[in-house]
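K.L.:
Below is a structure I'd like to ask you about.
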Amino acid sequence: MIENRAHQAGNVNVANVLTVLRLACVPLLGWLMYLGSQGSTGARDFAAVVFLAASLTDLLDGALARRRGLETPLGALLDPIADKALIGVALIGLSWMGDLWWWVTIVILARELIITGMRLNIARDVVISASRGGKVKTLLQTVAITMYLAFVPIPGWELASQVMMAAALIVTVVTGLDYFRQIRSVQRGLSGGT
């Protein structure tokens, strides 16, 4: 039933428009982070607002797509691309500015690219939905990145940001290993257990 309604709705629907808007925020975020690296605290604060607002569209477009039957193949393709691009630009920007160790950015992005690639590889046969851990991972990454971008001059803010990023990193790795095991199990099943 959802597939039929989504097919009738076509690719131009509110959920997909939100996803495209999230994608459009990626270059804006990169530009604002560049200005922030040049010492503009206003640009950096605005980057935090853009990042958070774009991240919230991910929650909204998914909820709308499911509730209104607006799930489309285009949305299924663009949504993870928009998510990874937004997180990727933010992490790379933070590392470029010297606020976040490069190895943290590399570990998170490697996990995202490997797992997304593996999920897309089997998507024709099996769809592996986001787990509860995957959703927690996304929430932790979003909060940690927002905290790093929006420096608040209160005691302990920097430490709280680092703790949040450490939690995001741990959950990212743990859920990545879980997805890897699930996907490998599915791949073995699809290939007849060889």
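Please note that chains go A, B, ... in the order of the structure tokens, that every chain numbers its residues from 1, and that ligands are numbered from 1 in the order shown.
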Write out as a ChimeraX atom specification which residues come within 12 Å of Val174 in chain A when counting only C-alpha atoms, dropping same-chain ones fewer than 4 positions away.
P.N.:
/A:107-108,111,131,133-134,136-137,167-170,178-181
K.L.:
Could you write those residues out with C-alpha atoms, as a PDB file, in the first residue's frame?
P.N.:
ATOM      1  CA  VAL A 107      37.098   6.686  11.699  1.00  0.00           C
ATOM      2  CA  ILE A 108      33.557   8.094  11.594  1.00  0.00           C
ATOM      3  CA  ARG A 111      32.427   3.633   9.043  1.00  0.00           C
ATOM      4  CA  SER A 131      18.605   0.138  14.021  1.00  0.00           C
ATOM      5  CA  GLY A 133      21.652   2.030  17.833  1.00  0.00           C
ATOM      6  CA  GLY A 134      22.034   3.659  14.426  1.00  0.00           C
ATOM      7  CA  VAL A 136      21.292   6.921  18.694  1.00  0.00           C
ATOM      8  CA  LYS A 137      24.558   7.218  16.741  1.00  0.00           C
ATOM      9  CA  ALA A 167      30.283   8.863  23.000  1.00  0.00           C
ATOM     10  CA  ALA A 168      29.353   9.433  19.352  1.00  0.00           C
ATOM     11  CA  LEU A 169      32.605   7.817  18.220  1.00  0.00           C
ATOM     12  CA  ILE A 170      32.114   4.739  20.418  1.00  0.00           C
ATOM     13  CA  ASP A 178      26.866  -4.710  14.285  1.00  0.00           C
ATOM     14  CA  TYR A 179      25.731  -3.632  10.810  1.00  0.00           C
ATOM     15  CA  PHE A 180      28.818  -5.280   9.301  1.00  0.00           C
ATOM     16  CA  ARG A 181      27.914  -8.613  10.949  1.00  0.00           C
TER      17      ARG A 181
END
K.L.:
Find the spatial neighbours of Val143 in chain A, counting only C-alpha atoms, within a cut-off of 9 Å - ignore same-chain residues fewer than 2 positions away - and output them as a PDB file with C-alpha atoms, in the first residue's frame.
P.N.:
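part-v4.pdb, freshly written:
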ATOM      1  CA  LEU A  52      21.274  21.674  13.367  1.00  0.00           C
ATOM      2  CA  THR A 138      23.057   9.869  14.460  1.00  0.00           C
ATOM      3  CA  LEU A 139      21.654  11.793  17.438  1.00  0.00           C
ATOM      4  CA  LEU A 140      24.997  11.720  19.283  1.00  0.00           C
ATOM      5  CA  GLN A 141      26.904  12.819  16.173  1.00  0.00           C
ATOM      6  CA  ILE A 145      29.003  18.438  16.081  1.00  0.00           C
ATOM      7  CA  THR A 146      26.561  21.181  17.075  1.00  0.00           C
ATOM      8  CA  MET A 147      28.345  21.582  20.426  1.00  0.00           C
ATOM      9  CA  TYR A 148      31.740  21.803  18.703  1.00  0.00           C
ATOM     10  CA  SER A 161      31.703  18.653  23.710  1.00  0.00           C
ATOM     11  CA  MET A 164      29.740  13.904  23.591  1.00  0.00           C
ATOM     12  CA  MET A 165      32.037  13.335  20.598  1.00  0.00           C
ATOM     13  CA  ALA A 168      29.353   9.433  19.352  1.00  0.00           C
TER      14      ALA A 168
END
K.L.:
Which is closer to Ile114 in chain A than all the others in A:Gly176, A:Gly192, A:Pro155, A:Gly98, using only C-alpha atoms?
P.N.:
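Looking only at the distances to Ile114 in chain A, the closest residue turns out to be A:Gly176.
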K.L.:
With distances taken over only C-alpha atoms, which residue among A:Ser191, A:Ala144, A:Leu56, A:Gly93 lies nearest Leu35 in chain A?
P.N.:
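Smallest separation from Leu35 in chain A among the options: A:Gly93.
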K.L.:
Show me, as an mmCIF file with C-alpha atoms, in the first residue's frame, the residues that have an atom within 8 Å of Ser95 in chain A when counting only C-alpha atoms, minus same-chain residues fewer than 6 positions from it.
P.N.:
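Written out: result_39.cif:
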data_model
loop_
_atom_site.group_PDB
_atom_site.id
_atom_site.type_symbol
_atom_site.label_atom_id
_atom_site.label_comp_id
_atom_site.auth_asym_id
_atom_site.auth_seq_id
_atom_site.Cartn_x
_atom_site.Cartn_y
_atom_site.Cartn_z
ATOM 1 C CA TRP A 101 41.470 15.242 15.685
ATOM 2 C CA TRP A 102 41.657 14.019 12.090
ATOM 3 C CA THR A 105 36.878 12.261 11.448
#
K.L.:
Give me the residues within 12 Å of Val49 in chain A as a ChimeraX atom specification, counting only C-alpha atoms and dropping any in the same chain fewer than 5 places off.
P.N.:
/A:25,28-29,32-33,42-44,54-56,142-143,145-151
K.L.:
Export C-alpha atoms of the chosen residues as a tab-separated table (two decimals), in the first residue's frame?
P.N.:
chain	number	residue	atom	x	y	z
A	25	CYS	CA	22.76	23.16	3.07
A	28	LEU	CA	26.48	26.61	2.72
A	29	LEU	CA	27.76	24.79	5.81
A	32	LEU	CA	30.36	29.12	6.79
A	33	MET	CA	32.91	26.77	8.35
A	42	GLY	CA	29.41	34.83	13.76
A	43	ALA	CA	29.88	32.55	10.75
A	44	ARG	CA	30.75	29.68	13.03
A	54	ALA	CA	19.50	20.64	8.29
A	55	SER	CA	19.88	17.68	10.67
A	56	LEU	CA	16.34	18.20	11.96
A	142	THR	CA	24.45	15.68	15.61
A	143	VAL	CA	24.63	16.92	19.20
A	145	ILE	CA	29.00	18.44	16.08
A	146	THR	CA	26.56	21.18	17.07
A	147	MET	CA	28.34	21.58	20.43
A	148	TYR	CA	31.74	21.80	18.70
A	149	LEU	CA	30.46	24.42	16.25
A	150	ALA	CA	28.56	26.59	18.72
A	151	PHE	CA	31.11	27.39	21.37
K.L.:
Could you tell me how far CA of Arg22 in chain A sits from CA of Asn121 in chain A, in Å to one decimal place?
P.N.:
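Taking CA of Asn121 in chain A as the start and CA of Arg22 in chain A as the end point, the length is 24.1 Å.
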K.L.:
Quick one: pull the distance between CA of Ala82 in chain A and CA of Leu23 in chain A, Å, one decimal.
P.N.:
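Going from CA of Ala82 in chain A over to CA of Leu23 in chain A, I get 4.9 Å.
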K.L.:
Could you list, as a VMD selection string, every residue within 7 Å of Leu18 in chain A, counting only C-alpha atoms and ignoring same-chain residues fewer than 3 positions away?
P.N.:
chain A and resid 14 to 15 21 to 22 57 61
K.L.:
Pull the helix (DSSP H, G or I) assignments for chain A out of DSSP run on the backbone, and list those residues as a PDB file with C-alpha atoms, in the first residue's frame.
P.N.:
ATOM      1  CA  ILE A   2       2.784   2.436   0.831  1.00  0.00           C
ATOM      2  CA  GLU A   3       4.538   1.661  -2.431  1.00  0.00           C
ATOM      3  CA  ASN A   4       1.391   2.419  -4.443  1.00  0.00           C
ATOM      4  CA  ARG A   5       0.772   5.730  -2.677  1.00  0.00           C
ATOM      5  CA  ALA A   6       4.437   6.689  -3.046  1.00  0.00           C
ATOM      6  CA  HIS A   7       4.311   5.810  -6.728  1.00  0.00           C
ATOM      7  CA  GLN A   8       1.239   7.994  -7.211  1.00  0.00           C
ATOM      8  CA  ALA A   9       2.837  10.850  -5.271  1.00  0.00           C
ATOM      9  CA  VAL A  14       7.472  17.344   0.763  1.00  0.00           C
ATOM     10  CA  ALA A  15       9.761  14.599   2.126  1.00  0.00           C
ATOM     11  CA  ASN A  16      12.022  14.677  -0.932  1.00  0.00           C
ATOM     12  CA  VAL A  17      12.025  18.487  -0.990  1.00  0.00           C
ATOM     13  CA  LEU A  18      13.293  18.468   2.613  1.00  0.00           C
ATOM     14  CA  THR A  19      16.018  16.003   1.623  1.00  0.00           C
ATOM     15  CA  VAL A  20      17.081  18.224  -1.295  1.00  0.00           C
ATOM     16  CA  LEU A  21      17.113  21.250   1.037  1.00  0.00           C
ATOM     17  CA  ARG A  22      19.385  19.294   3.387  1.00  0.00           C
ATOM     18  CA  LEU A  23      21.708  18.597   0.469  1.00  0.00           C
ATOM     19  CA  ALA A  24      21.637  22.282  -0.470  1.00  0.00           C
ATOM     20  CA  CYS A  25      22.755  23.164   3.075  1.00  0.00           C
ATOM     21  CA  VAL A  26      25.992  21.192   2.618  1.00  0.00           C
ATOM     22  CA  PRO A  27      27.888  23.813   0.527  1.00  0.00           C
ATOM     23  CA  LEU A  28      26.483  26.610   2.719  1.00  0.00           C
ATOM     24  CA  LEU A  29      27.763  24.795   5.807  1.00  0.00           C
ATOM     25  CA  GLY A  30      31.176  24.315   4.184  1.00  0.00           C
ATOM     26  CA  TRP A  31      31.389  28.010   3.289  1.00  0.00           C
ATOM     27  CA  LEU A  32      30.358  29.119   6.791  1.00  0.00           C
ATOM     28  CA  MET A  33      32.911  26.771   8.347  1.00  0.00           C
ATOM     29  CA  TYR A  34      35.571  28.189   6.042  1.00  0.00           C
ATOM     30  CA  LEU A  35      34.679  31.698   7.255  1.00  0.00           C
ATOM     31  CA  GLY A  36      34.769  30.366  10.817  1.00  0.00           C
ATOM     32  CA  SER A  37      38.285  29.040  10.207  1.00  0.00           C
ATOM     33  CA  THR A  41      32.719  33.659  15.241  1.00  0.00           C
ATOM     34  CA  GLY A  42      29.409  34.826  13.756  1.00  0.00           C
ATOM     35  CA  ALA A  43      29.881  32.549  10.750  1.00  0.00           C
ATOM     36  CA  ARG A  44      30.752  29.677  13.030  1.00  0.00           C
ATOM     37  CA  ASP A  45      27.629  30.185  15.147  1.00  0.00           C
ATOM     38  CA  PHE A  46      25.529  30.422  11.990  1.00  0.00           C
ATOM     39  CA  ALA A  47      27.159  27.187  10.780  1.00  0.00           C
ATOM     40  CA  ALA A  48      25.917  25.536  13.980  1.00  0.00           C
ATOM     41  CA  VAL A  49      22.381  26.771  13.289  1.00  0.00           C
ATOM     42  CA  VAL A  50      22.495  25.608   9.645  1.00  0.00           C
ATOM     43  CA  PHE A  51      23.880  22.208  10.653  1.00  0.00           C
ATOM     44  CA  LEU A  52      21.274  21.674  13.367  1.00  0.00           C
ATOM     45  CA  ALA A  53      18.374  22.857  11.176  1.00  0.00           C
ATOM     46  CA  ALA A  54      19.501  20.642   8.290  1.00  0.00           C
ATOM     47  CA  SER A  55      19.883  17.684  10.670  1.00  0.00           C
ATOM     48  CA  LEU A  56      16.344  18.202  11.963  1.00  0.00           C
ATOM     49  CA  THR A  57      15.000  17.944   8.397  1.00  0.00           C
ATOM     50  CA  ASP A  58      16.274  14.347   8.429  1.00  0.00           C
ATOM     51  CA  LEU A  59      13.891  13.501  11.268  1.00  0.00           C
ATOM     52  CA  LEU A  60      11.057  15.393   9.629  1.00  0.00           C
ATOM     53  CA  ASP A  61      11.388  14.006   6.102  1.00  0.00           C
ATOM     54  CA  GLY A  62      11.580  10.412   7.343  1.00  0.00           C
ATOM     55  CA  ALA A  63       8.511  10.827   9.557  1.00  0.00           C
ATOM     56  CA  LEU A  64       6.529  12.485   6.769  1.00  0.00           C
ATOM     57  CA  ALA A  65       7.545   9.870   4.214  1.00  0.00           C
ATOM     58  CA  ARG A  66       6.424   7.019   6.455  1.00  0.00           C
ATOM     59  CA  ARG A  67       3.255   8.653   7.787  1.00  0.00           C
ATOM     60  CA  ARG A  68       1.997   9.950   4.434  1.00  0.00           C
ATOM     61  CA  PRO A  73      13.274   5.287  -4.722  1.00  0.00           C
ATOM     62  CA  LEU A  74      14.678   8.806  -5.224  1.00  0.00           C
ATOM     63  CA  GLY A  75      14.188   9.615  -1.544  1.00  0.00           C
ATOM     64  CA  ALA A  76      15.765   6.307  -0.519  1.00  0.00           C
ATOM     65  CA  LEU A  77      18.799   7.198  -2.659  1.00  0.00           C
ATOM     66  CA  LEU A  78      19.138  10.879  -1.719  1.00  0.00           C
ATOM     67  CA  ASP A  79      18.454  10.610   2.025  1.00  0.00           C
ATOM     68  CA  PRO A  80      21.638   8.719   3.023  1.00  0.00           C
ATOM     69  CA  ILE A  81      23.700  10.822   0.594  1.00  0.00           C
ATOM     70  CA  ALA A  82      22.411  14.032   2.191  1.00  0.00           C
ATOM     71  CA  ASP A  83      23.030  12.677   5.693  1.00  0.00           C
ATOM     72  CA  LYS A  84      26.591  11.529   5.000  1.00  0.00           C
ATOM     73  CA  ALA A  85      27.451  14.718   3.089  1.00  0.00           C
ATOM     74  CA  LEU A  86      26.208  16.939   5.923  1.00  0.00           C
ATOM     75  CA  ILE A  87      28.029  14.972   8.641  1.00  0.00           C
ATOM     76  CA  GLY A  88      31.128  14.631   6.448  1.00  0.00           C
ATOM     77  CA  VAL A  89      31.478  18.339   5.673  1.00  0.00           C
ATOM     78  CA  ALA A  90      30.943  19.222   9.330  1.00  0.00           C
ATOM     79  CA  LEU A  91      33.554  16.738  10.590  1.00  0.00           C
ATOM     80  CA  ILE A  92      36.095  17.648   7.915  1.00  0.00           C
ATOM     81  CA  GLY A  93      35.530  21.336   8.666  1.00  0.00           C
ATOM     82  CA  LEU A  94      36.057  20.810  12.393  1.00  0.00           C
ATOM     83  CA  SER A  95      39.279  18.885  11.744  1.00  0.00           C
ATOM     84  CA  TRP A  96      40.434  21.504   9.223  1.00  0.00           C
ATOM     85  CA  TRP A 102      41.657  14.019  12.090  1.00  0.00           C
ATOM     86  CA  TRP A 103      41.654  10.388  13.188  1.00  0.00           C
ATOM     87  CA  VAL A 104      38.187  10.854  14.726  1.00  0.00           C
ATOM     88  CA  THR A 105      36.878  12.261  11.448  1.00  0.00           C
ATOM     89  CA  ILE A 106      38.514   9.454   9.464  1.00  0.00           C
ATOM     90  CA  VAL A 107      37.098   6.686  11.699  1.00  0.00           C
ATOM     91  CA  ILE A 108      33.557   8.094  11.594  1.00  0.00           C
ATOM     92  CA  LEU A 109      33.577   8.756   7.848  1.00  0.00           C
ATOM     93  CA  ALA A 110      35.146   5.377   7.036  1.00  0.00           C
ATOM     94  CA  ARG A 111      32.427   3.633   9.043  1.00  0.00           C
ATOM     95  CA  GLU A 112      29.692   5.644   7.322  1.00  0.00           C
ATOM     96  CA  LEU A 113      31.034   5.026   3.817  1.00  0.00           C
ATOM     97  CA  ILE A 114      31.735   1.307   4.320  1.00  0.00           C
ATOM     98  CA  ILE A 115      28.380   0.497   5.923  1.00  0.00           C
ATOM     99  CA  THR A 116      26.382   2.663   3.500  1.00  0.00           C
ATOM    100  CA  GLY A 117      28.175   1.036   0.560  1.00  0.00           C
ATOM    101  CA  MET A 118      27.503  -2.446   1.915  1.00  0.00           C
ATOM    102  CA  ARG A 119      23.825  -1.640   2.551  1.00  0.00           C
ATOM    103  CA  LEU A 120      23.404  -0.261  -0.963  1.00  0.00           C
ATOM    104  CA  ASN A 121      25.138  -3.345  -2.387  1.00  0.00           C
ATOM    105  CA  ARG A 132      17.876   1.839  17.329  1.00  0.00           C
ATOM    106  CA  GLY A 133      21.652   2.030  17.833  1.00  0.00           C
ATOM    107  CA  GLY A 134      22.034   3.659  14.426  1.00  0.00           C
ATOM    108  CA  LYS A 135      19.498   6.299  15.391  1.00  0.00           C
ATOM    109  CA  VAL A 136      21.292   6.921  18.694  1.00  0.00           C
ATOM    110  CA  LYS A 137      24.558   7.218  16.741  1.00  0.00           C
ATOM    111  CA  THR A 138      23.057   9.869  14.460  1.00  0.00           C
ATOM    112  CA  LEU A 139      21.654  11.793  17.438  1.00  0.00           C
ATOM    113  CA  LEU A 140      24.997  11.720  19.283  1.00  0.00           C
ATOM    114  CA  GLN A 141      26.904  12.819  16.173  1.00  0.00           C
ATOM    115  CA  THR A 142      24.451  15.677  15.605  1.00  0.00           C
ATOM    116  CA  VAL A 143      24.628  16.916  19.204  1.00  0.00           C
ATOM    117  CA  ALA A 144      28.432  16.581  19.356  1.00  0.00           C
ATOM    118  CA  ILE A 145      29.003  18.438  16.081  1.00  0.00           C
ATOM    119  CA  THR A 146      26.561  21.181  17.075  1.00  0.00           C
ATOM    120  CA  MET A 147      28.345  21.582  20.426  1.00  0.00           C
ATOM    121  CA  TYR A 148      31.740  21.803  18.703  1.00  0.00           C
ATOM    122  CA  LEU A 149      30.462  24.416  16.255  1.00  0.00           C
ATOM    123  CA  TRP A 157      31.542  23.426  27.531  1.00  0.00           C
ATOM    124  CA  GLU A 158      34.654  22.247  25.725  1.00  0.00           C
ATOM    125  CA  LEU A 159      34.957  19.165  27.937  1.00  0.00           C
ATOM    126  CA  ALA A 160      31.244  18.381  27.495  1.00  0.00           C
ATOM    127  CA  SER A 161      31.703  18.653  23.710  1.00  0.00           C
ATOM    128  CA  GLN A 162      34.629  16.229  23.838  1.00  0.00           C
ATOM    129  CA  VAL A 163      32.708  13.747  25.987  1.00  0.00           C
ATOM    130  CA  MET A 164      29.740  13.904  23.591  1.00  0.00           C
ATOM    131  CA  MET A 165      32.037  13.335  20.598  1.00  0.00           C
ATOM    132  CA  ALA A 166      33.713  10.398  22.386  1.00  0.00           C
ATOM    133  CA  ALA A 167      30.283   8.863  23.000  1.00  0.00           C
ATOM    134  CA  ALA A 168      29.353   9.433  19.352  1.00  0.00           C
ATOM    135  CA  LEU A 169      32.605   7.817  18.220  1.00  0.00           C
ATOM    136  CA  ILE A 170      32.114   4.739  20.418  1.00  0.00           C
ATOM    137  CA  VAL A 171      28.501   4.226  19.316  1.00  0.00           C
ATOM    138  CA  THR A 172      29.521   4.809  15.681  1.00  0.00           C
ATOM    139  CA  VAL A 173      32.121   2.033  15.848  1.00  0.00           C
ATOM    140  CA  VAL A 174      29.926  -0.401  17.821  1.00  0.00           C
ATOM    141  CA  THR A 175      26.911   0.027  15.530  1.00  0.00           C
ATOM    142  CA  GLY A 176      29.189  -0.190  12.509  1.00  0.00           C
ATOM    143  CA  LEU A 177      30.451  -3.580  13.652  1.00  0.00           C
ATOM    144  CA  ASP A 178      26.866  -4.710  14.285  1.00  0.00           C
ATOM    145  CA  TYR A 179      25.731  -3.632  10.810  1.00  0.00           C
ATOM    146  CA  PHE A 180      28.818  -5.280   9.301  1.00  0.00           C
ATOM    147  CA  ARG A 181      27.914  -8.613  10.949  1.00  0.00           C
ATOM    148  CA  GLN A 182      24.283  -8.335   9.809  1.00  0.00           C
ATOM    149  CA  ILE A 183      25.212  -7.493   6.233  1.00  0.00           C
ATOM    150  CA  ARG A 184      27.832 -10.240   5.993  1.00  0.00           C
ATOM    151  CA  SER A 185      25.245 -12.729   7.280  1.00  0.00           C
ATOM    152  CA  VAL A 186      22.752 -11.573   4.623  1.00  0.00           C
ATOM    153  CA  GLN A 187      25.438 -11.745   1.907  1.00  0.00           C
ATOM    154  CA  ARG A 188      26.324 -15.310   2.908  1.00  0.00           C
ATOM    155  CA  GLY A 189      22.624 -16.220   2.799  1.00  0.00           C
ATOM    156  CA  LEU A 190      22.226 -14.651  -0.646  1.00  0.00           C
TER     157      LEU A 190
END
